[in-house]
Every structure is written in C-alpha cells, then in structure tokens.
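J.: Shown below is the structure under consideration.
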Amino acid sequence: MAEKAWAGTTFGNGLMHRWLIGMLRRVDVRFFYVFAYIFVVPPCLFRPGFKFIYRFFRERFCQPSIKAFWNTYLNHCVFAQAVIDKFAMYAGKTFEVEIEGFDHFKNLANQESGFVQLSSHMGNYEIAGYTLVTETKRFNAIVFLGEKASVMENRSRMFAHTNIQMIPIREDMSHLFEIDRALSSGEIVSIPADRVWGSPKVLKTEFLGKEACFPKGPFAVAAMRGLDVLAVHVMKDSAKRYKIYVTPLEYDKTAPRDLQITQLLHSYVAELERLLKIYPTQWYNYFDFWKDE
C-alpha cells in the first residue's frame with residue numbers, strides 16, 4: 001500500500017522553479033515542450049514509473065508492445081506539458097479553455113447546500129482552480145502537504161484573488177475537520193478520488209477490466225451528508241487549449257449508506273473509463289495501480 005499512499009511532488013527546487021517562471025514570461029511554452037521531449041523525458045523512461053505506464057497500455061488497452069512503448073513515451077511528454085503549463089500559468093500566461101457541463105457546476109454553486117467535486121490524477125486539474133470559480137461559494141481544494149514550498153506559494157498567489165483556499169492532507173487527519181466545516185457551511189470541497197492516501201479504508205471495483213483499489217473517504221464524505229457530487233477533469237486538447245469535463249455523479253440518496261458509496265464509486269469509475277478512452281495518454285498514476293493484493 002505504500003506506493004499508493006505516495007502522492008508525488010513537483011520535480012526541482014525553488015530556484016529552478018523561479019527560473020522556469022521567469023523564462024516562461026519571455027519564451028513560448030512550446031519551446032519548453034520540445035526541450036522536455038528531448039532532454040527530460042528520455043531519462044524518465046528508465047524510472048520505475050515507466051514500467052507501470054507501459055503495462056497500463058499493454059494490459060488495460062491490449063496494445064502491441066511497440067505501440068505501448070510509443071504511448072508510454074507520449075504519456076511522459078504530455079505529463080511534462082502539464083507541469084510546464086502549470087508554471088506558465090504562474091508566469092501569467094493563459095490557455096484557451098472550453099467547459100462541457102458548466103451548467104451543472106453553476107446550478108450547484110447557486111444552491112444553499114455545499115457539494116463535493118471529485119478529481120483524479122489525469123489531465124491538468126489545477127487549471128480548473130483558475131476557471132471554475134464562483135463568488136457564491138468558497139472552493140476548498142484538498143492538496144498534498146508534501147508539495148514543494150515554491151509550488152504552494154505560487155498556488156496561493158494565483159488563488160489570492162479568487163474564492164479558493166487549500167486544505168493540505170495532514171497525518172493527524174485534522175483536514176477532516178476542515179472538510180466537515182466547509183461542507184457544513186455550504187461550501188465546495190474538491191477531493192482527488194483515485195489514490196489511496198495511506199488509509200486502510202478502500203473500495204475495490206473493476207476498472208478497465210481488472211479490479212483496482214480506490215479510497216473510500218471521498219465517496220463517504222458525500223454520502224454521509226447526501227450531497228451532490230461532480231466529477232471534474234481538465235484534459236489537454238492542444239498546445240494552448242484545454243477542455244474541462246463537468247459530469248454529475250448519480251446515486252440514490254435514499255439507499256443504505258454503503259450502497260450509496262458503491263453507486264458513487266461506480267459512477268466515478270465509469271467517468272474515468274469514458275475519458276481515458278478519449279485521452280489514454282493523460283493517465284498520471286506512476287505506480288502499480290492494479291497491484292494484486
């Protein structure tokens with residue numbers, strides 16, 4: 001379970017991040033894309049994450065070895081683009097963004113009760129924080145406490161003029177009280193729901209043809225309060241364009257609690273599978289997600 005508890009952190013140190021932001025103010029992002037393709041991505045193909053993504057294409061999409069290898073390289077390239085784009089946003093650059101299902105978000109934002117927004121480690125979800133904003137509700141984003149200080153500082157600066165606050169995941173579980181307060185106050189809570197953060201409470205279900213583990217917490221948080229739930233994913237369509245998919249996750253709020261949680265999980269997994277069929281190279285879980293227990 002240790003691999004699944006690991007959340008990852010942005011490569012580099014504060015000095016490197018400041019240099020990159022400074023350069024991105026002057027240079028087109030596509031220059032850095034090409035640099036990453038040639039000098040950054042190839043060494044990454046020798047890291048442990050390579051074999052897991054390669055197996056993702058071989059076993060989950062049943063691709064021949066050459067195609068799986070090529071898509072594994074492309075996966076690392078698109079991930080590099082996502083990281084570069086994040087720093088480009090810190091540097092003040094913008095991307096064209098199309099939103100599919102924005103009315104679902106707007107309608108819930110105008111209601112008195114809070115709601116839960118579930119994300120995953122694919123695409124470039126951070127861009128949603130600069131796009132799906134509302135003055136009617138505070139947006140609380142659950143984030144990894146171990147992220148680099150420079151990244152957290154830039155996020156805070158970007159969010160300074162929005163109605164967004166970050167709730168870091170803490171070992172003492174105090175973030176659970178912040179989540180409860182936010183939802184009790186009718187706010188929005190955004191939670192990644194595709195990684196087990198070291199908790200023994202997991203849900204197992206078939207995902208892309210094989211059983212996989214998902215954290216129980218994000219689904220239980222919504223079901224305990226009978227809240228509406230949205231799945232939100234930000235997928236890269238081209239060098240300077242993203243598409244946000246906002247999808248309501250249906251479940252029977254009158255059903256027994258465990259059944260509600262299971263229904264939410266199945267709705268969430270169905271949305272992951274739908275988007276991965278469109279964007280197979282934008283899956284960024286670099287560990288053995290389908291590990292046999």
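Each chain in the structure tokens gets a letter, A, B, ..., in the order shown, and its residues are numbered from 1; ligands are numbered from 1 in order too.
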DSSP on the backbone, strand (DSSP E) only: what residues of region 54-287 of chain A does that give? Format it as a VMD selection string.
T.: chain A and resid 96 to 100 115 to 119 139 to 144 164 to 169 188 to 192 202 to 207 210 to 215 228 to 238 241 to 248
J.: If you take only C-alpha atoms and a cut-off of 9 Å, which residues of region 203-271 of chain A touch region 128-140 of chain A, and what are their nearest atom pairs and distances in Å to one decimal, in chain and number order, as JSON lines?
T.:
{"residue": "A:Val232", "atom": "CA", "partner": "A:Ala128", "partner_atom": "CA", "distance": 8.1}
{"residue": "A:His233", "atom": "CA", "partner": "A:Ala128", "partner_atom": "CA", "distance": 7.9}
{"residue": "A:Val234", "atom": "CA", "partner": "A:Ala128", "partner_atom": "CA", "distance": 6.6}
{"residue": "A:Ile244", "atom": "CA", "partner": "A:Ala128", "partner_atom": "CA", "distance": 7.3}
J.: Can you list, as a list in words, every protein, DNA or RNA residue that comes within 9 Å of Lys210 (chain A) when you count only C-alpha atoms, leaving out same-chain residues fewer than 5 positions away?
T.: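 Residues near the query, excluding close chain neighbours: Arg60, Thr205 and Trp290 of chain A.
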J.: Only N, CA and C atoms, please: the residues just picked out, written as a JSON list (two decimals), in the first residue's frame.
T.:
[["chain", "number", "residue", "atom", "x", "y", "z"],
["A", 60, "ARG", "N", -4.20, -2.97, -20.00],
["A", 60, "ARG", "CA", -5.53, -2.37, -19.88],
["A", 60, "ARG", "C", -6.11, -2.01, -21.25],
["A", 205, "THR", "N", -13.18, -2.27, -7.05],
["A", 205, "THR", "CA", -14.13, -2.41, -8.15],
["A", 205, "THR", "C", -13.36, -2.63, -9.44],
["A", 290, "TRP", "N", -3.05, -1.37, -10.43],
["A", 290, "TRP", "CA", -3.81, -2.62, -10.42],
["A", 290, "TRP", "C", -3.02, -3.72, -9.70]]
J.: So, with only C-alpha atoms as the atoms that count, which of A:Leu118, A:Ala141, A:Cys213, A:Ile169 lies closest to Val229 (chain A)?
T.: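 For Val229 (chain A), the nearest of the candidates is A:Leu118.
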J.: I need the residue nearest Asn110 (chain A) from this list: A:Pro215, A:Gly186, A:Pro256, A:Pro192. Use only C-alpha atoms for the distance.
T.: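 Closest to Asn110 (chain A) of all the choices is A:Gly186.
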J.: Would you return as number ranges by chain the members of region 42-276 of chain A that DSSP assigns to alpha helix (DSSP H) on this structure's backbone?
T.: A: 42-44, 48-55, 65-90, 102-109, 149-159, 175-184, 217-225, 257-276
J.: If you measure from CA of Arg241 (chain A) to CA of Phe39 (chain A), what distance in Å do you get, rounded to one decimal?
T.: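 Spanning CA of Arg241 (chain A) to CA of Phe39 (chain A) is a straight-line distance of 24.1 Å.
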J.: How many Å lie between CA of Glu96 (chain A) and CA of Met235 (chain A), rounded to one decimal?
T.: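 The value is 11.8 Å.
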J.: Asp103 (chain A): which residues within 12 Å, counting only C-alpha atoms, same-chain residues fewer than 2 positions away excluded, as a list in words?
T.: Ile99, Glu100, Gly101, Phe105, Lys106, Asn107, Leu108, Ala109, Asn110, Leu132, Leu230, Tyr245, Val246, Thr247 and Pro248 of chain A
J.: Could you list, as a VMD selection string, every residue within 8 Å of Tyr286 (chain A), counting only C-alpha atoms and ignoring same-chain residues fewer than 3 positions away?
T.: chain A and resid 48 to 50 52 to 53 289
J.: Let's have the selection written as a PDB file, in the first residue's frame, with N, CA and C atoms.
T.:
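Done, and the output landed in again.pdb:
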ATOM      1  N   PRO A  48      11.074   3.777 -12.360  1.00  0.00           N
ATOM      2  CA  PRO A  48      10.086   2.713 -12.118  1.00  0.00           C
ATOM      3  C   PRO A  48       8.717   2.992 -12.730  1.00  0.00           C
ATOM      4  N   GLY A  49       8.325   4.273 -12.769  1.00  0.00           N
ATOM      5  CA  GLY A  49       7.005   4.597 -13.299  1.00  0.00           C
ATOM      6  C   GLY A  49       6.808   4.176 -14.740  1.00  0.00           C
ATOM      7  N   PHE A  50       7.910   4.069 -15.495  1.00  0.00           N
ATOM      8  CA  PHE A  50       7.801   3.688 -16.908  1.00  0.00           C
ATOM      9  C   PHE A  50       7.116   2.338 -17.077  1.00  0.00           C
ATOM     10  N   PHE A  52       5.083   0.770 -15.191  1.00  0.00           N
ATOM     11  CA  PHE A  52       3.671   0.731 -14.822  1.00  0.00           C
ATOM     12  C   PHE A  52       2.794   1.348 -15.902  1.00  0.00           C
ATOM     13  N   ILE A  53       3.278   2.426 -16.537  1.00  0.00           N
ATOM     14  CA  ILE A  53       2.505   3.030 -17.617  1.00  0.00           C
ATOM     15  C   ILE A  53       2.564   2.134 -18.859  1.00  0.00           C
ATOM     16  N   PHE A 289      -1.110   0.585 -10.113  1.00  0.00           N
ATOM     17  CA  PHE A 289      -2.478   0.888  -9.712  1.00  0.00           C
ATOM     18  C   PHE A 289      -3.309  -0.382  -9.584  1.00  0.00           C
TER      19      PHE A 289
END
J.: So, with only C-alpha atoms as the atoms that count, which of A:Ser119, A:Thr254, A:Thr281, A:Gln111 lies closest to Asn75 (chain A)?
T.: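 Ranked by minimum distance to Asn75 (chain A), first place goes to A:Thr281.
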J.: What is the distance between CA of Pro280 (chain A) and CA of Gly217 (chain A), in Å to one decimal?
T.: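 Computed distance, CA of Pro280 (chain A) to CA of Gly217 (chain A), equals 26.2 Å.
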J.: Pick the closest to Val269 (chain A) from A:Asp85, A:Glu250, A:Asp288, A:Asp172: which is it, counting only C-alpha atoms?
T.: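 Nearest to Val269 (chain A): A:Glu250.
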J.: Find the residue from A:Phe87, A:Phe31, A:Phe214, A:Phe95 that sits nearest to Val196 (chain A); use only C-alpha atoms when measuring.
T.: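 Using only C-alpha atoms, Val196 (chain A) sits closest to A:Phe214.
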